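Structure file structure-v8.cif (mmCIF, C-alpha atoms) is printed below.
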data_start
loop_
_atom_site.label_atom_id
_atom_site.label_comp_id
_atom_site.auth_asym_id
_atom_site.auth_seq_id
_atom_site.Cartn_x
_atom_site.Cartn_y
_atom_site.Cartn_z
CA MET A 1 16.38 -24.47 4.83
CA ARG A 2 18.36 -23.01 7.72
CA ARG A 3 18.63 -19.65 5.96
CA SER A 4 14.86 -19.54 5.38
CA VAL A 5 14.06 -20.39 8.99
CA SER A 6 16.52 -17.76 10.23
CA PHE A 7 14.96 -15.13 7.97
CA ILE A 8 11.42 -15.90 9.17
CA ALA A 9 12.55 -15.86 12.81
CA MET A 10 14.19 -12.46 12.30
CA PHE A 11 11.01 -11.24 10.60
CA PHE A 12 8.84 -12.02 13.62
CA PHE A 13 11.44 -10.69 16.08
CA VAL A 14 11.66 -7.32 14.30
CA THR A 15 7.87 -7.21 13.91
CA GLY A 16 7.38 -7.73 17.62
CA LEU A 17 10.03 -5.14 18.45
CA PHE A 18 8.37 -2.36 16.46
CA ALA A 19 4.84 -3.42 17.40
CA GLN A 20 5.60 -2.33 20.97
CA THR A 21 5.61 1.38 20.09
CA LEU A 22 2.16 1.98 18.69
CA GLY A 23 0.48 4.29 21.18
CA GLY A 24 -0.50 7.79 20.11
CA ARG A 25 -0.64 9.29 16.64
CA ALA A 26 1.63 8.30 13.81
CA ALA A 27 3.29 10.61 11.31
CA TYR A 28 3.64 10.05 7.54
CA ASN A 29 0.11 8.73 7.11
CA PHE A 30 0.40 9.38 3.37
CA LEU A 31 2.09 5.96 3.31
CA LYS A 32 -1.37 4.40 3.72
CA PHE A 33 -2.45 5.75 0.34
CA PRO A 34 -2.58 3.01 -2.36
CA ALA A 35 0.23 3.58 -4.81
CA SER A 36 -1.54 2.27 -7.93
CA PRO A 37 -5.00 1.87 -9.47
CA GLN A 38 -4.96 -1.89 -9.01
CA ALA A 39 -4.04 -1.57 -5.32
CA ALA A 40 -6.85 0.96 -4.88
CA ALA A 41 -9.35 -1.25 -6.71
CA LEU A 42 -8.39 -4.15 -4.43
CA GLY A 43 -9.49 -2.13 -1.39
CA GLY A 44 -6.30 -0.19 -0.66
CA ILE A 45 -4.24 -3.10 0.68
CA ASN A 46 -3.56 -6.41 -1.06
CA LEU A 47 -0.53 -8.63 -0.53
CA THR A 48 -1.30 -11.67 -2.65
CA ASN A 49 -3.16 -10.84 -5.87
CA GLU A 50 -1.21 -12.63 -8.59
CA SER A 51 -0.50 -10.06 -11.25
CA LYS A 52 2.32 -8.91 -13.49
CA ASP A 53 1.88 -5.40 -12.13
CA ILE A 54 5.06 -4.21 -10.43
CA SER A 55 3.21 -1.45 -8.57
CA LEU A 56 1.63 -4.07 -6.26
CA ALA A 57 5.14 -4.85 -5.02
CA PHE A 58 5.45 -1.30 -3.71
CA ALA A 59 3.43 -2.40 -0.65
CA ASN A 60 4.79 -5.95 -0.42
CA PRO A 61 8.41 -6.52 -1.52
CA ALA A 62 7.82 -10.29 -1.62
CA GLN A 63 5.56 -9.73 -4.65
CA LEU A 64 8.52 -8.44 -6.67
CA ASP A 65 9.01 -11.12 -9.34
CA SER A 66 11.48 -12.00 -12.07
CA VAL A 67 8.81 -11.42 -14.76
CA MET A 68 8.93 -7.74 -13.77
CA HIS A 69 12.42 -7.33 -15.24
CA THR A 70 12.64 -3.85 -16.89
CA GLN A 71 8.97 -3.21 -16.07
CA MET A 72 8.06 0.40 -15.37
CA ALA A 73 4.87 1.63 -13.68
CA ALA A 74 3.60 5.22 -13.71
CA ASN A 75 0.43 6.11 -11.82
CA PHE A 76 -1.37 9.44 -11.54
CA ASN A 77 -4.10 10.70 -9.24
CA ALA A 78 -5.83 14.07 -8.97
CA LEU A 79 -7.44 14.42 -5.55
CA TYR A 80 -9.77 17.12 -4.30
CA ALA A 81 -8.68 20.73 -3.65
CA GLY A 82 -5.93 20.49 -6.24
CA VAL A 83 -3.90 17.78 -4.45
CA LYS A 84 -1.80 15.74 -6.88
CA ASN A 85 -0.22 12.32 -6.41
CA VAL A 86 2.32 10.59 -8.64
CA HIS A 87 3.87 7.13 -8.28
CA TRP A 88 6.72 5.74 -10.39
CA MET A 89 8.50 2.38 -10.15
CA LEU A 90 11.06 0.36 -12.15
CA GLY A 91 12.12 -3.28 -11.72
CA PHE A 92 15.27 -5.20 -12.66
CA ARG A 93 16.33 -8.86 -12.43
CA ASN A 94 20.01 -9.67 -11.72
CA LYS A 95 20.55 -13.23 -12.94
CA LYS A 96 23.99 -13.53 -11.41
CA LEU A 97 22.69 -12.71 -7.93
CA GLN A 98 19.34 -14.42 -8.60
CA THR A 99 17.72 -11.38 -7.05
CA ASN A 100 14.97 -9.01 -8.15
CA PHE A 101 15.44 -5.28 -7.55
CA ALA A 102 13.14 -2.28 -7.83
CA ALA A 103 13.21 1.44 -7.15
CA GLY A 104 10.25 3.74 -6.77
CA ILE A 105 8.93 7.07 -5.60
CA MET A 106 5.52 8.27 -4.42
CA TYR A 107 5.01 12.03 -4.31
CA PHE A 108 2.20 14.26 -3.01
CA ASP A 109 1.86 17.93 -3.95
CA TYR A 110 -0.76 19.84 -1.94
CA GLY A 111 -0.59 23.04 -3.97
CA THR A 112 0.14 26.52 -2.62
CA THR A 113 -0.91 27.38 0.94
CA GLN A 114 -0.93 30.67 2.81
CA GLN A 115 1.10 31.04 5.97
CA THR A 116 -0.62 33.42 8.40
CA ASP A 117 -0.02 34.76 11.88
CA ALA A 118 -2.45 34.44 14.82
CA ALA A 119 -4.44 37.46 13.57
CA GLY A 120 -4.88 35.96 10.09
CA ASN A 121 -2.38 38.22 8.34
CA ILE A 122 -0.66 36.54 5.38
CA GLU A 123 3.07 36.25 5.99
CA ALA A 124 4.15 33.98 3.15
CA LEU A 125 3.18 31.28 0.67
CA TYR A 126 4.54 27.75 0.78
CA ARG A 127 4.01 24.41 -1.01
CA PRO A 128 3.41 21.50 1.41
CA ARG A 129 4.48 18.11 0.08
CA ASP A 130 5.25 14.53 1.09
CA PHE A 131 7.29 11.88 -0.66
CA VAL A 132 8.85 8.46 -0.17
CA LEU A 133 11.87 7.07 -2.03
CA GLN A 134 12.09 3.30 -1.95
CA ILE A 135 14.44 0.51 -3.04
CA GLN A 136 13.50 -3.16 -2.87
CA ALA A 137 14.97 -6.62 -3.27
CA SER A 138 13.39 -10.07 -3.35
CA ARG A 139 14.56 -13.64 -3.76
CA GLU A 140 13.01 -17.07 -4.16
CA TYR A 141 13.49 -20.02 -1.85
CA LEU A 142 12.84 -23.49 -3.28
CA ASN A 143 9.82 -23.45 -5.59
CA ARG A 144 7.10 -21.94 -3.45
CA TRP A 145 8.62 -19.32 -1.15
CA LYS A 146 9.66 -15.73 -1.77
CA TYR A 147 10.93 -13.09 0.62
CA GLY A 148 11.64 -9.43 0.15
CA VAL A 149 12.80 -6.25 1.86
CA SER A 150 12.10 -2.58 1.15
CA VAL A 151 14.15 0.31 2.51
CA LYS A 152 12.67 3.78 2.16
CA TYR A 153 13.40 7.40 2.90
CA LEU A 154 10.40 9.51 3.97
CA ALA A 155 10.19 13.28 3.91
CA SER A 156 7.51 15.87 4.67
CA ASN A 157 7.70 19.61 4.14
CA TYR A 158 4.93 21.81 5.56
CA GLY A 159 6.51 25.24 5.48
CA ILE A 160 8.50 25.71 8.69
CA TYR A 161 7.63 22.18 9.80
CA ARG A 162 9.82 19.55 8.19
CA SER A 163 10.53 15.94 9.00
CA SER A 164 12.31 12.90 7.59
CA ALA A 165 12.62 9.24 8.49
CA ILE A 166 14.05 5.88 7.46
CA ALA A 167 11.74 2.86 7.33
CA ALA A 168 11.70 -0.74 6.13
CA ASP A 169 9.14 -3.32 5.01
CA VAL A 170 9.71 -7.08 5.26
CA GLY A 171 7.52 -9.66 3.54
CA VAL A 172 7.26 -13.41 3.04
CA LEU A 173 5.06 -14.97 0.34
CA TYR A 174 3.97 -18.58 -0.27
CA ARG A 175 2.82 -19.57 -3.76
CA ASP A 176 1.14 -22.90 -4.62
CA THR A 177 0.75 -22.84 -8.38
CA ALA A 178 -0.90 -26.27 -8.49
CA ASN A 179 -3.76 -25.07 -6.30
CA LEU A 180 -3.76 -21.47 -7.64
CA LEU A 181 -3.15 -20.18 -4.11
CA GLN A 182 -1.00 -17.40 -2.65
CA ALA A 183 -0.53 -16.33 0.97
CA SER A 184 1.67 -13.64 2.47
CA ILE A 185 2.56 -11.78 5.66
CA VAL A 186 4.18 -8.34 5.72
CA ALA A 187 5.40 -5.89 8.33
CA VAL A 188 5.44 -2.34 6.97
CA ASN A 189 6.88 0.99 8.09
CA MET A 190 9.37 -0.22 10.70
CA GLY A 191 11.81 2.54 11.51
CA GLY A 192 12.24 5.94 13.07
CA GLN A 193 12.61 9.65 12.44
CA LEU A 194 15.82 11.35 11.36
CA LYS A 195 14.35 14.83 11.79
CA ARG A 196 11.24 15.73 13.77
CA TYR A 197 8.59 18.33 13.00
CA ASN A 198 9.04 19.47 16.60
CA PRO A 199 12.37 18.42 18.19
CA ALA A 200 10.64 18.09 21.58
CA GLU A 201 7.90 15.75 20.31
CA PRO A 202 8.96 12.45 18.72
CA GLU A 203 6.40 10.77 16.48
CA GLU A 204 5.89 7.21 15.41
CA LEU A 205 5.62 5.74 11.94
CA PRO A 206 2.34 4.09 10.85
CA PHE A 207 3.52 0.56 11.52
CA ASP A 208 1.22 -2.22 10.31
CA LEU A 209 1.31 -6.01 10.41
CA GLN A 210 -0.66 -7.46 7.50
CA ALA A 211 -1.52 -10.91 6.16
CA GLY A 212 -3.45 -12.03 3.11
CA ILE A 213 -4.53 -14.93 0.96
CA SER A 214 -5.71 -15.20 -2.65
CA LYS A 215 -7.31 -18.14 -4.41
CA ARG A 216 -8.20 -18.49 -8.07
CA LEU A 217 -10.96 -20.93 -9.00
CA ALA A 218 -9.75 -23.89 -11.02
CA LYS A 219 -12.69 -23.88 -13.45
CA ALA A 220 -13.56 -20.21 -13.60
CA PRO A 221 -11.51 -17.06 -14.31
CA ILE A 222 -12.22 -15.57 -10.88
CA ARG A 223 -9.80 -14.79 -8.07
CA PHE A 224 -10.82 -14.04 -4.48
CA SER A 225 -8.66 -12.27 -1.88
CA ALA A 226 -8.91 -11.63 1.83
CA THR A 227 -6.46 -9.21 3.45
CA ALA A 228 -6.13 -8.53 7.18
CA HIS A 229 -4.39 -5.41 8.50
CA HIS A 230 -3.40 -4.08 11.94
CA LEU A 231 -2.99 -7.61 13.26
CA HIS A 232 -0.87 -6.28 16.13
CA ARG A 233 -3.86 -4.38 17.55
CA PHE A 234 -7.42 -5.63 17.97
CA ASP A 235 -9.48 -2.45 18.46
CA ILE A 236 -8.72 -0.20 15.48
CA LEU A 237 -11.92 1.78 14.81
CA TYR A 238 -11.43 5.52 15.29
CA ASN A 239 -13.72 6.66 18.11
CA ASP A 240 -14.08 10.44 18.55
CA THR A 241 -15.73 10.55 21.98
CA MET A 242 -15.96 14.36 22.08
CA PHE A 243 -17.79 14.48 18.74
CA ASN A 244 -20.06 11.57 19.68
CA ASN A 245 -20.99 13.09 23.03
CA SER A 246 -21.78 16.51 21.56
CA ASN A 247 -23.91 15.04 18.76
CA GLY A 248 -25.74 12.34 20.70
CA PHE A 249 -23.95 9.39 19.08
CA GLU A 250 -23.04 6.24 20.95
CA ASN A 251 -19.38 5.69 21.79
CA ALA A 252 -17.87 2.38 20.79
CA SER A 253 -16.71 0.14 23.61
CA THR A 254 -12.93 -0.18 23.76
CA LYS A 255 -12.99 -3.35 25.87
CA LYS A 256 -15.81 -5.45 24.44
CA ILE A 257 -14.69 -8.09 21.95
CA THR A 258 -17.16 -8.43 19.07
CA PHE A 259 -17.25 -9.94 15.60
CA ASP A 260 -17.75 -6.42 14.28
CA LYS A 261 -14.35 -5.37 15.64
CA LEU A 262 -12.81 -8.55 14.24
CA PHE A 263 -14.08 -7.96 10.70
CA GLN A 264 -12.91 -4.34 10.73
CA HIS A 265 -9.44 -5.75 10.08
CA PHE A 266 -10.48 -7.26 6.74
CA ILE A 267 -10.64 -6.21 3.12
CA PHE A 268 -12.38 -8.58 0.71
CA SER A 269 -11.87 -8.39 -3.04
CA THR A 270 -12.56 -10.30 -6.20
CA GLN A 271 -11.08 -10.08 -9.67
CA ILE A 272 -12.67 -11.43 -12.85
CA LEU A 273 -10.40 -12.18 -15.78
CA VAL A 274 -12.18 -11.59 -19.10
CA GLY A 275 -10.05 -13.54 -21.53
CA GLU A 276 -6.37 -12.62 -21.42
CA ARG A 277 -6.77 -8.89 -21.90
CA VAL A 278 -9.25 -7.51 -19.35
CA GLU A 279 -9.40 -7.51 -15.54
CA LEU A 280 -12.48 -6.41 -13.60
CA THR A 281 -11.95 -5.78 -9.88
CA ALA A 282 -14.20 -5.01 -6.92
CA ALA A 283 -13.44 -4.79 -3.19
CA TYR A 284 -14.95 -3.82 0.14
CA ASN A 285 -12.87 -2.21 2.89
CA ILE A 286 -14.80 -2.78 6.11
CA LEU A 287 -12.84 -0.35 8.30
CA ARG A 288 -13.21 2.45 5.75
CA ALA A 289 -16.95 1.84 5.57
CA LYS A 290 -17.25 1.90 9.38
CA GLU A 291 -15.09 4.95 10.00
CA LEU A 292 -16.69 7.07 7.27
CA LYS A 293 -20.26 6.05 7.97
CA VAL A 294 -22.66 8.97 8.48
CA SER A 295 -25.29 8.01 11.04
CA THR A 296 -27.81 10.61 9.90
CA GLY A 297 -27.56 10.15 6.14
CA GLY A 298 -27.14 7.68 3.32
CA ASN A 299 -23.77 6.04 2.87
CA GLY A 300 -24.12 4.77 -0.69
CA LEU A 301 -21.03 2.86 -1.80
CA THR A 302 -18.79 3.99 1.07
CA GLY A 303 -16.04 1.40 1.52
CA PHE A 304 -16.33 -0.07 -1.99
CA SER A 305 -13.79 0.25 -4.76
CA LEU A 306 -13.93 -0.78 -8.42
CA GLY A 307 -11.35 -1.11 -11.15
CA VAL A 308 -10.67 -2.22 -14.70
CA GLY A 309 -7.43 -3.20 -16.40
CA VAL A 310 -6.69 -3.62 -20.10
CA LEU A 311 -3.60 -5.73 -20.71
CA PHE A 312 -1.76 -5.54 -24.00
CA SER A 313 1.48 -7.37 -24.77
CA LYS A 314 3.63 -4.28 -24.23
CA LEU A 315 1.38 -2.07 -22.15
CA GLN A 316 -1.06 -2.37 -19.24
CA LEU A 317 -3.66 0.35 -18.61
CA ARG A 318 -5.60 0.45 -15.33
CA TYR A 319 -8.29 2.64 -13.81
CA SER A 320 -9.89 2.56 -10.36
CA ARG A 321 -12.59 4.40 -8.45
CA SER A 322 -12.67 4.27 -4.65
CA TYR A 323 -15.72 5.42 -2.70
CA PHE A 324 -15.52 7.39 0.55
CA GLN A 325 -18.06 9.28 2.64
CA ASN A 326 -21.51 9.72 1.02
CA SER A 327 -20.15 8.02 -2.10
CA THR A 328 -17.53 10.73 -2.62
CA ALA A 329 -14.91 9.00 -4.75
CA TYR A 330 -11.48 9.53 -6.19
CA ASN A 331 -10.21 8.18 -9.50
CA GLN A 332 -6.79 6.76 -10.22
CA LEU A 333 -5.15 6.08 -13.59
CA GLY A 334 -1.94 4.20 -14.30
CA LEU A 335 0.09 2.42 -16.93
CA THR A 336 2.71 -0.29 -16.84
CA MET A 337 5.25 -0.80 -19.62
CA GLN A 338 7.64 -3.66 -20.27
CA LEU A 339 10.64 -1.59 -21.39
CA ASN A 340 12.55 -4.52 -22.86
CA GLN A 341 9.69 -4.88 -25.36
CA TYR A 342 10.37 -1.37 -26.60
CA PHE A 343 14.12 -0.86 -26.26
CA GLY A 344 15.58 -4.38 -26.37
CA LEU A 345 16.63 -4.41 -22.73
CA GLY A 346 16.09 -8.13 -22.23
CA ASN A 347 19.83 -8.71 -21.79
CA TRP A 348 20.41 -5.45 -19.94
CA GLY A 349 23.13 -6.04 -17.38
CA GLU A 350 24.23 -9.44 -18.68
CA LYS A 351 26.86 -7.95 -21.01
CA ALA A 352 28.40 -6.21 -18.01
CA GLY A 353 28.60 -9.51 -16.16
CA TRP A 354 25.63 -8.85 -13.83
#

Could I get this structure in the form of structure tokens?
Amino acid sequence: MRRSVSFIAMFFFVTGLFAQTLGGRAAYNFLKFPASPQAAALGGINLTNESKDISLAFANPAQLDSVMHTQMAANFNALYAGVKNVHWMLGFRNKKLQTNFAAGIMYFDYGTTQQTDAAGNIEALYRPRDFVLQIQASREYLNRWKYGVSVKYLASNYGIYRSSAIAADVGVLYRDTANLLQASIVAVNMGGQLKRYNPAEPEELPFDLQAGISKRLAKAPIRFSATAHHLHRFDILYNDTMFNNSNGFENASTKKITFDKLFQHFIFSTQILVGERVELTAAYNILRAKELKVSTGGNGLTGFSLGVGVLFSKLQLRYSRSYFQNSTAYNQLGLTMQLNQYFGLGNWGEKAGW
């Protein structure tokens, strides 16, 4: 018990320490992109959805579970203008240490871009890209608690502008199997830069303090989730005063406390389980809907996301569609494989004494 209390106390101390440095713009905002189709279908952030999908643990190390031993996830996304995104992850359970481990990478390729001078003359071609390498570990405490840590290396390369950083995520999860309930709190992207884009201008990481809860109905195959983000800051809606003033739009008040500002922190999602093989998911990201709202036109399904998963014994296939401004959407496709079902890796590591 003492070890658990010490861990939770350290969690809140570190969270408070990094929450102090949030003014100004953050670098490495590609970290906000959902790593997998299921995460995207759940609104972009979800800490508590109970699933045997290791890719959900990429955003919350406390979700890394022993059932994910030798599980591999591979997710692919083709964005607009030729931008490509790939995410890969592999899990492993060490019985001797009673610890779950995982390693993963998320990579963005923005294609080929021209480098020009002030007059517009082409000087060179370069390939901008971002990526994050991540290792994770999680353990259980008693029957209901889990805690986990992620350590990651971030890198960006935009021609002559390059940057790198080290960051960490820390999460705690509570699971009540009798009541089909999960709750979690996570602090993500705590760390600092190793190399700056501009040595004279330090930049912050996109720190976020998140909390969530999921509940499955006892007599129906439906699970509901509520996820809150940016808990360290109340007013989070982007407010471009220059644009608003020049176009006759009203500027949002930065001081007034309203229910609208409160709910901008939330993402609500639901998942319907059709038998044992199919998952249907829908979510609504309130902040996304507010920020991308067009005052002079229709907004369609802005802020909504949908997904479907087909779960076989050895393979999981998932697809999601997330809606942005004027119902512009991106699609994400991924698969998850249990490698020990294919290659007999169930005892992998045990023969070596692990």

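Take the PyMOL selection byres ((chain A and resi 45) around 9) and apply it to this file: it picks Lys32, Pro34, Ala39, Ala40, Leu42, Gly43, Gly44, Asn46, Leu47, Ala59, Gln210, Thr227, Ala228, His229, Ile267 and Asn285 of chain A.
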
Quick one: write out the picked residues with C-alpha atoms as a PDB file, in the frame of the given file?
ATOM      1  CA  LYS A  32      -1.370   4.400   3.720  1.00  0.00           C
ATOM      2  CA  PRO A  34      -2.580   3.010  -2.360  1.00  0.00           C
ATOM      3  CA  ALA A  39      -4.040  -1.570  -5.320  1.00  0.00           C
ATOM      4  CA  ALA A  40      -6.850   0.960  -4.880  1.00  0.00           C
ATOM      5  CA  LEU A  42      -8.390  -4.150  -4.430  1.00  0.00           C
ATOM      6  CA  GLY A  43      -9.490  -2.130  -1.390  1.00  0.00           C
ATOM      7  CA  GLY A  44      -6.300  -0.190  -0.660  1.00  0.00           C
ATOM      8  CA  ASN A  46      -3.560  -6.410  -1.060  1.00  0.00           C
ATOM      9  CA  LEU A  47      -0.530  -8.630  -0.530  1.00  0.00           C
ATOM     10  CA  ALA A  59       3.430  -2.400  -0.650  1.00  0.00           C
ATOM     11  CA  GLN A 210      -0.660  -7.460   7.500  1.00  0.00           C
ATOM     12  CA  THR A 227      -6.460  -9.210   3.450  1.00  0.00           C
ATOM     13  CA  ALA A 228      -6.130  -8.530   7.180  1.00  0.00           C
ATOM     14  CA  HIS A 229      -4.390  -5.410   8.500  1.00  0.00           C
ATOM     15  CA  ILE A 267     -10.640  -6.210   3.120  1.00  0.00           C
ATOM     16  CA  ASN A 285     -12.870  -2.210   2.890  1.00  0.00           C
TER      17      ASN A 285
END

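Residue membership of the PyMOL selection byres ((chain A and resi 140-156) around 6) in the shown file amounts to Pro61, Ala62, Arg129, Asp130, Phe131, Val132, Leu133, Gln134, Ile135, Gln136, Ala137, Ser138, Arg139, Asn157, Arg162, Ser163, Ser164, Ala165, Ile166, Ala167, Ala168, Asp169, Val170, Gly171, Val172, Leu173, Tyr174 and Arg175 of chain A.
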
For range 252-311 of chain A against range 316-329 of chain A, with a cut-off of 12 Å and counting all atoms listed in the file, what is the closest atom pair and its distance in Å to one decimal for every residue that makes the cut, ordered by chain and number, as CSV?
residue,atom,partner,partner_atom,distance
A:Glu276,CA,A:Gln316,CA,11.7
A:Arg277,CA,A:Gln316,CA,9.1
A:Val278,CA,A:Arg318,CA,9.6
A:Glu279,CA,A:Arg318,CA,8.8
A:Leu280,CA,A:Arg318,CA,9.9
A:Thr281,CA,A:Ser320,CA,8.6
A:Ala282,CA,A:Ser320,CA,9.4
A:Ala283,CA,A:Ser322,CA,9.2
A:Tyr284,CA,A:Ser322,CA,9.7
A:Asn285,CA,A:Tyr323,CA,9.9
A:Ile286,CA,A:Phe324,CA,11.6
A:Leu287,CA,A:Phe324,CA,11.3
A:Arg288,CA,A:Phe324,CA,7.5
A:Ala289,CA,A:Phe324,CA,7.6
A:Lys290,CA,A:Gln325,CA,10.0
A:Glu291,CA,A:Gln325,CA,9.0
A:Leu292,CA,A:Gln325,CA,5.3
A:Lys293,CA,A:Gln325,CA,6.6
A:Val294,CA,A:Gln325,CA,7.4
A:Ser295,CA,A:Asn326,CA,10.8
A:Thr296,CA,A:Asn326,CA,10.9
A:Gly297,CA,A:Asn326,CA,7.9
A:Gly298,CA,A:Asn326,CA,6.4
A:Asn299,CA,A:Asn326,CA,4.7
A:Gly300,CA,A:Ser327,CA,5.3
A:Leu301,CA,A:Ser327,CA,5.2
A:Thr302,CA,A:Phe324,CA,4.7
A:Gly303,CA,A:Tyr323,CA,5.8
A:Phe304,CA,A:Tyr323,CA,5.6
A:Ser305,CA,A:Ser322,CA,4.2
A:Leu306,CA,A:Arg321,CA,5.4
A:Gly307,CA,A:Ser320,CA,4.0
A:Val308,CA,A:Tyr319,CA,5.5
A:Gly309,CA,A:Arg318,CA,4.2
A:Val310,CA,A:Leu317,CA,5.2
A:Leu311,CA,A:Gln316,CA,4.5

*Using CA of Val83 in chain A and CA of Gln38 in chain A as the two end points, give the distance in Å to one decimal.*
20.2 Å

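Distances to Ile54 in chain A were evaluated for A:Asn189, A:Asn29, A:Gln338, A:Asn121 using all atoms listed in the file, and the minimum falls at A:Gln338.
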
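The coordinates place CA of Leu209 in chain A at 5.3 Å from CA of His230 in chain A.
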
_Residues near Lys314 in chain A, cut-off 9 Å, all atoms listed in the file, skip fewer than 4 positions along chain, as a ChimeraX atom specification_ = /A:336-339,341-342

Can those selected residues be exported to a file as a compact mmCIF listing (two decimals), in the coordinates of the input so that it contains C-alpha atoms?
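What landed in out-v6.txt:
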# COMPACT_ATOMS: atom_id res chain seq x y z
CA THR A 336 2.71 -0.29 -16.84
CA MET A 337 5.25 -0.80 -19.62
CA GLN A 338 7.64 -3.66 -20.27
CA LEU A 339 10.64 -1.59 -21.39
CA GLN A 341 9.69 -4.88 -25.36
CA TYR A 342 10.37 -1.37 -26.60

*If you apply the PyMOL selection byres ((chain A and resi 206) around 8) to this file, what residues do you get, as a ChimeraX atom specification?*
/A:26-29,31,189,204-205,207-208
